[in-house]
Amino acid sequence: MKFHSENVGDTIAIVRGDGRLNMVSAPALRQVITGLVDAGRSKIVVDLSGIDFMDSSGLGSLIGCLKTTRQAGGDLRIAAPTKQVVMVLQLSNLDRVLKTYDTAEDAFHDET
Amino acid sequence: MTVEAAMSASERMRIAAVEELDLLDTPPEERFDRITRIARQLFDVPVVEINLLDENRQFTKSPQTPGHSPNSPRSESFCDITIQEQELLVVPDATADARFANRDTVTGPRHIRFYAGRPLSIDPGLNVGTLCLVDTSPRDLTDDDRQLLDDLGTWVERELRETAERDRAADIQRSLLPQSQPGAPAWDSAGLSVPLHQVSGDFYSWSEHGTGVDVTVADVMGKGAGAAIVGAGVRSAFQARTGTDPALAVAQVNAQLASDFDATETFATLFHARLDVASGELVYADAGHGLTIIARADGRVERLQATGLPVGVTPAGTWQTGSTTLLAGDVLLSFTDGLLDLFDGTLASLDRLGELARTATSVRDITERIRALTHGNATDDVTLVVITRLS
């Protein structure tokens with residue numbers, strides 16, 4: 001699976017992908033976000049509207065990326081999760097850590 | 001000891017090594033078929049086989065042709081001679097070689113003239129089978145050809161060894177599962193752990209201390225050997241804290257393993273509880289797991305919610321304590337998310353699992369019915385612990 005990123009302002013980027021976020025695709029997400037943070041964009045929104053399934057490895061990549069962005073002084077937020085993804089986030093209690101927004105544009109609305 | 005007895009002892013060890021591979025009578029596998037296919041092209045011969053030889057027969061692991069038996073009599077095979085050698089056996093023209101000229105495979109319709117066999121072994125000296133080239137007209141092998149066949153043989157051995165190692169790892173993981181029956185006869189418990197691959201990132205355990213039983217069900221992110229290594233660390237970290245308050249134990253394990261979780265970029269969800277088998281009181285902490293239900297005797301299904309984050313997310317994490325009481329006829333089921341996928345993947349699965357628990361005749365009936373569902377359906381490791389209070 002391919003992830004695409006779109007820059008917003010000087011420090012924000014939105015990352016989008018379609019399909020399953022699992023053991024196979026998680027490293028690609030990790031790579032894209034690490035690249036953005038290295039390039040100075042540490043406020044990341046992951047638009048999950050195209051992700052119809054996420055497993056624990058997918059969740060792990062989001063947590064890993066959250067740590068990376070926070071270490072760089074930014075944050076990682078998620079937008080528009082689908083039903084199965086919401087369930088995984090709620091079961092794991094990680095909805096408390098990964099802030100969820102209705103749309104990618106809303107996620108850093110307070111800072112643009 | 002006579003020479004004959006010594007030979008049969010080593011043959012017995014050889015046959016045991018063949019059987020331990022667990023490859024006899026197994027279907028075709030691409031990882032072996034790939035090798036025979038490549039060898040056929042490289043050597044330009046009509047037949048390349050990977051054969052395993054037990055006491056009386058030769059089993060062709062690759063290639064297997066639909067409608068043809070993969071078994072043939074060992075006494076007629078060339079490979080029977082190859083496995084008695086430690087080096088490549090090359091027969092340029094079988095009709096001119098007294099060892100083979102009268103075998104059915106030469107005089108009969110297979111019409112073998114050229115044969116080259118590379119013995120295969122995992123343990124030195126115990127040849128389990130061969131990688132062999134066969135042609136219906138005489139030919140010979142150059143030194144380069146011999147080197148190439150030897151290299152391909154090493155490749156087959158690597159595949160054989162991988163099978164053996166994974167099987168051993170699976171055996172070890174199974175042997176770490178608890179066998180005791182805590183609280184019997186008033187309580188009954190059963191567990192199930194079915195890895196998607198050979199080994200699993202899930203585990204369950206229970207251990208007794210007085211009237212208390214510590215129960216843990218955990219799911220390490222990911223699958224396979226990597227997750228299993230992290231899981232073994234989580235398991236022993238909890239074992240070292242038997243009898244500790246569950247929420248405190250989870251916080252301590254999280255702190256102890258924080259750097260391991262960081263280094264491996266993993267985390268684990270888990271349910272950890274202490275059950276008092278005298279009173280039925282269950283005190284628990286749930287680290288982002290959320291997959292424990294109690295099917296009450298009166299038919300209600302209660303879900304125990306997570307009381308904190310998964311372990312490995314934040315080094316300074318703390319967990320709340322939850323508690324409930326199990327009464328006669330209540331069934332506690334704690335499981336990993338692979339089980340949801342055996343139903344419809346949503347939380348509606350919990351009611352179906354509760355229903356299954358109500359209609360089952362025993363805790364083992366529940367685990368066996370779930371095991372049956374995993375056959376061909378599992379997309380993840382599946383682990384389940386069932387504990388019921390009988391009286």
# chains A, B, ... in the order shown; residues from 1 in each chain; ligands from 1

call {"tool": "select_by_dssp", "arguments": {"residues": "chain A", "states": "helix (DSSP H, G or I)", "output": "VMD selection string"}}
result
chain A and resid 26 to 38 56 to 71 83 to 91 94 to 96 104 to 107 109 to 111

call {"tool": "residues_around", "arguments": {"residues": "region 335-351 of chain B", "least_positions_apart": "5", "cutoff": "6 Å", "atoms": "only C-alpha atoms", "output": "ChimeraX atom specification"}}
result
/B:291,380-384

call {"tool": "interface_residues", "arguments": {"of": "chain B", "to": "chain A", "cutoff": "9 Å", "atoms": "only C-alpha atoms", "output": "PDB file with N, CA and C atoms, in the first residue's frame"}}
result
ATOM      1  N   VAL B 220       0.755  -9.887  22.069  1.00  0.00           N
ATOM      2  CA  VAL B 220       1.817  -8.973  21.664  1.00  0.00           C
ATOM      3  C   VAL B 220       1.586  -8.589  20.211  1.00  0.00           C
ATOM      4  N   MET B 221       1.738  -7.305  19.933  1.00  0.00           N
ATOM      5  CA  MET B 221       1.559  -6.797  18.578  1.00  0.00           C
ATOM      6  C   MET B 221       2.362  -7.617  17.565  1.00  0.00           C
ATOM      7  N   GLY B 222       1.752  -7.871  16.409  1.00  0.00           N
ATOM      8  CA  GLY B 222       2.442  -8.618  15.364  1.00  0.00           C
ATOM      9  C   GLY B 222       2.174 -10.103  15.496  1.00  0.00           C
ATOM     10  N   LYS B 223       2.894 -10.865  14.685  1.00  0.00           N
ATOM     11  CA  LYS B 223       2.672 -12.316  14.664  1.00  0.00           C
ATOM     12  C   LYS B 223       4.022 -13.019  14.551  1.00  0.00           C
ATOM     13  N   ASP B 262      10.209  -0.332  23.552  1.00  0.00           N
ATOM     14  CA  ASP B 262      10.698   0.778  22.736  1.00  0.00           C
ATOM     15  C   ASP B 262      11.622   0.273  21.636  1.00  0.00           C
ATOM     16  N   GLU B 265       9.760  -1.612  19.077  1.00  0.00           N
ATOM     17  CA  GLU B 265       8.594  -0.888  18.545  1.00  0.00           C
ATOM     18  C   GLU B 265       7.337  -1.746  18.599  1.00  0.00           C
ATOM     19  N   THR B 266       7.144  -2.394  19.738  1.00  0.00           N
ATOM     20  CA  THR B 266       5.936  -3.188  19.908  1.00  0.00           C
ATOM     21  C   THR B 266       5.215  -2.750  21.172  1.00  0.00           C
ATOM     22  N   PHE B 267       4.034  -3.285  21.355  1.00  0.00           N
ATOM     23  CA  PHE B 267       3.313  -3.120  22.612  1.00  0.00           C
ATOM     24  C   PHE B 267       2.484  -4.388  22.796  1.00  0.00           C
ATOM     25  N   ALA B 268       1.867  -4.527  23.939  1.00  0.00           N
ATOM     26  CA  ALA B 268       1.031  -5.701  24.164  1.00  0.00           C
ATOM     27  C   ALA B 268      -0.250  -5.285  24.864  1.00  0.00           C
ATOM     28  N   THR B 269      -1.350  -5.936  24.513  1.00  0.00           N
ATOM     29  CA  THR B 269      -2.573  -5.753  25.269  1.00  0.00           C
ATOM     30  C   THR B 269      -2.713  -6.994  26.144  1.00  0.00           C
ATOM     31  N   ALA B 287      -5.001  -4.055  30.356  1.00  0.00           N
ATOM     32  CA  ALA B 287      -4.156  -3.126  29.623  1.00  0.00           C
ATOM     33  C   ALA B 287      -4.592  -3.099  28.156  1.00  0.00           C
ATOM     34  N   GLY B 288      -5.569  -2.248  27.881  1.00  0.00           N
ATOM     35  CA  GLY B 288      -6.008  -2.042  26.496  1.00  0.00           C
ATOM     36  C   GLY B 288      -6.498  -3.287  25.795  1.00  0.00           C
ATOM     37  N   HIS B 289      -6.928  -4.270  26.567  1.00  0.00           N
ATOM     38  CA  HIS B 289      -7.312  -5.550  25.969  1.00  0.00           C
ATOM     39  C   HIS B 289      -8.814  -5.564  25.686  1.00  0.00           C
ATOM     40  N   GLY B 290      -9.593  -5.379  26.743  1.00  0.00           N
ATOM     41  CA  GLY B 290     -11.049  -5.199  26.573  1.00  0.00           C
ATOM     42  C   GLY B 290     -11.790  -6.406  26.047  1.00  0.00           C
ATOM     43  N   LEU B 291     -11.150  -7.571  26.061  1.00  0.00           N
ATOM     44  CA  LEU B 291     -11.801  -8.744  25.493  1.00  0.00           C
ATOM     45  C   LEU B 291     -11.947  -9.848  26.537  1.00  0.00           C
ATOM     46  N   GLN B 305     -14.286  -3.942  30.882  1.00  0.00           N
ATOM     47  CA  GLN B 305     -13.621  -2.913  30.072  1.00  0.00           C
ATOM     48  C   GLN B 305     -12.146  -2.801  30.431  1.00  0.00           C
ATOM     49  N   ALA B 306     -11.395  -2.253  29.487  1.00  0.00           N
ATOM     50  CA  ALA B 306      -9.981  -1.968  29.755  1.00  0.00           C
ATOM     51  C   ALA B 306      -9.883  -0.975  30.905  1.00  0.00           C
ATOM     52  N   THR B 307      -8.850  -1.128  31.736  1.00  0.00           N
ATOM     53  CA  THR B 307      -8.654  -0.199  32.853  1.00  0.00           C
ATOM     54  C   THR B 307      -7.396   0.639  32.671  1.00  0.00           C
ATOM     55  N   GLY B 308      -6.873   0.644  31.452  1.00  0.00           N
ATOM     56  CA  GLY B 308      -5.690   1.454  31.154  1.00  0.00           C
ATOM     57  C   GLY B 308      -5.202   1.160  29.755  1.00  0.00           C
ATOM     58  N   LEU B 309      -4.081   1.781  29.389  1.00  0.00           N
ATOM     59  CA  LEU B 309      -3.513   1.618  28.054  1.00  0.00           C
ATOM     60  C   LEU B 309      -2.821   0.263  27.907  1.00  0.00           C
ATOM     61  N   PRO B 310      -2.532  -0.144  26.686  1.00  0.00           N
ATOM     62  CA  PRO B 310      -1.681  -1.330  26.503  1.00  0.00           C
ATOM     63  C   PRO B 310      -0.330  -1.114  27.172  1.00  0.00           C
ATOM     64  N   VAL B 313       3.260   1.436  25.792  1.00  0.00           N
ATOM     65  CA  VAL B 313       2.915   2.697  25.145  1.00  0.00           C
ATOM     66  C   VAL B 313       3.578   3.862  25.872  1.00  0.00           C
ATOM     67  N   GLY B 345     -16.099 -10.327  13.407  1.00  0.00           N
ATOM     68  CA  GLY B 345     -15.067  -9.303  13.546  1.00  0.00           C
ATOM     69  C   GLY B 345     -15.476  -8.107  14.384  1.00  0.00           C
ATOM     70  N   THR B 346     -16.772  -7.996  14.727  1.00  0.00           N
ATOM     71  CA  THR B 346     -17.227  -6.853  15.519  1.00  0.00           C
ATOM     72  C   THR B 346     -17.502  -7.306  16.955  1.00  0.00           C
ATOM     73  N   LEU B 347     -17.894  -6.361  17.784  1.00  0.00           N
ATOM     74  CA  LEU B 347     -18.184  -6.704  19.180  1.00  0.00           C
ATOM     75  C   LEU B 347     -19.467  -7.520  19.323  1.00  0.00           C
TER      76      LEU B 347
END

call {"tool": "residues_around", "arguments": {"residues": "Asn254 (chain B)", "least_positions_apart": "6", "cutoff": "10 Å", "atoms": "only C-alpha atoms", "output": "list in words"}}
result
Val234, Ala237, Leu248, Asp260, Phe261, Phe267, Ala268, Ala287, Pro310, Val311, Gly312, Val313, Thr314, Pro315, Ala316, Gly317 and Thr318 of chain B

call {"tool": "atom_distance", "arguments": {"atom1": "CA of Ala232 (chain B)", "atom2": "CA of Leu177 (chain B)"}}
result
11.2 Å

call {"tool": "residues_around", "arguments": {"residues": "Gly50 (chain A)", "least_positions_apart": "6", "cutoff": "10 Å", "atoms": "only C-alpha atoms", "output": "PDB file with C-alpha atoms, in the first residue's frame"}}
result
ATOM      1  CA  ARG A  16      -3.537   9.338   3.467  1.00  0.00           C
ATOM      2  CA  GLY A  17      -3.727   5.722   2.364  1.00  0.00           C
ATOM      3  CA  ASP A  18      -6.282   3.158   1.219  1.00  0.00           C
ATOM      4  CA  GLY A  19      -6.811  -0.467   2.221  1.00  0.00           C
ATOM      5  CA  ARG A  20      -5.571  -2.443   5.193  1.00  0.00           C
ATOM      6  CA  LEU A  21      -3.178  -1.014   7.759  1.00  0.00           C
ATOM      7  CA  ALA A  80     -12.189   9.993  10.009  1.00  0.00           C
ATOM      8  CA  PRO A  81     -11.565   6.440  11.262  1.00  0.00           C
ATOM      9  CA  THR A  82     -13.894   3.774   9.862  1.00  0.00           C
TER      10      THR A  82
END

call {"tool": "residues_around", "arguments": {"residues": "region 68-73 of chain A", "least_positions_apart": "5", "cutoff": "10 Å", "atoms": "only C-alpha atoms", "output": "ChimeraX atom specification"}}
result
/A:30,33-34,36-38,40-44,62-63

call {"tool": "write_last_selection", "arguments": {"atoms": "N, CA and C atoms", "output": "short mmCIF file (atom, residue, chain, number, x, y, z; two decimals), in the first residue's frame"}}
result
data_model
loop_
_atom_site.label_atom_id
_atom_site.label_comp_id
_atom_site.auth_asym_id
_atom_site.auth_seq_id
_atom_site.Cartn_x
_atom_site.Cartn_y
_atom_site.Cartn_z
N ARG A 30 5.11 4.18 8.61
CA ARG A 30 6.17 4.59 9.52
C ARG A 30 7.24 5.39 8.76
N ILE A 33 6.02 8.91 7.58
CA ILE A 33 5.91 9.88 8.67
C ILE A 33 7.29 10.25 9.23
N THR A 34 8.17 9.26 9.33
CA THR A 34 9.53 9.56 9.79
C THR A 34 10.21 10.55 8.84
N LEU A 36 8.71 12.81 6.98
CA LEU A 36 8.11 14.14 7.16
C LEU A 36 8.68 14.83 8.39
N VAL A 37 8.81 14.05 9.49
CA VAL A 37 9.33 14.64 10.73
C VAL A 37 10.78 15.07 10.52
N ASP A 38 11.56 14.23 9.83
CA ASP A 38 12.95 14.59 9.55
C ASP A 38 13.04 15.86 8.72
N GLY A 40 11.13 18.33 9.02
CA GLY A 40 10.68 19.47 9.80
C GLY A 40 9.18 19.58 9.98
N ARG A 41 8.44 18.57 9.51
CA ARG A 41 6.98 18.60 9.72
C ARG A 41 6.65 17.61 10.83
N SER A 42 6.39 18.13 12.02
CA SER A 42 6.16 17.24 13.16
C SER A 42 4.70 17.22 13.60
N LYS A 43 3.85 17.98 12.91
CA LYS A 43 2.42 17.90 13.21
C LYS A 43 1.76 17.11 12.08
N ILE A 44 1.41 15.88 12.41
CA ILE A 44 0.94 14.96 11.39
C ILE A 44 -0.51 14.59 11.63
N LEU A 62 0.98 3.57 14.40
CA LEU A 62 0.46 4.88 14.80
C LEU A 62 1.07 5.33 16.12
N ILE A 63 1.19 4.38 17.07
CA ILE A 63 1.79 4.71 18.37
C ILE A 63 3.26 5.09 18.20
#

call {"tool": "residues_around", "arguments": {"residues": "Ala107 (chain A)", "least_positions_apart": "3", "cutoff": "8 Å", "atoms": "only C-alpha atoms", "output": "ChimeraX atom specification"}}
result
/A:45,77-79,100-104,110
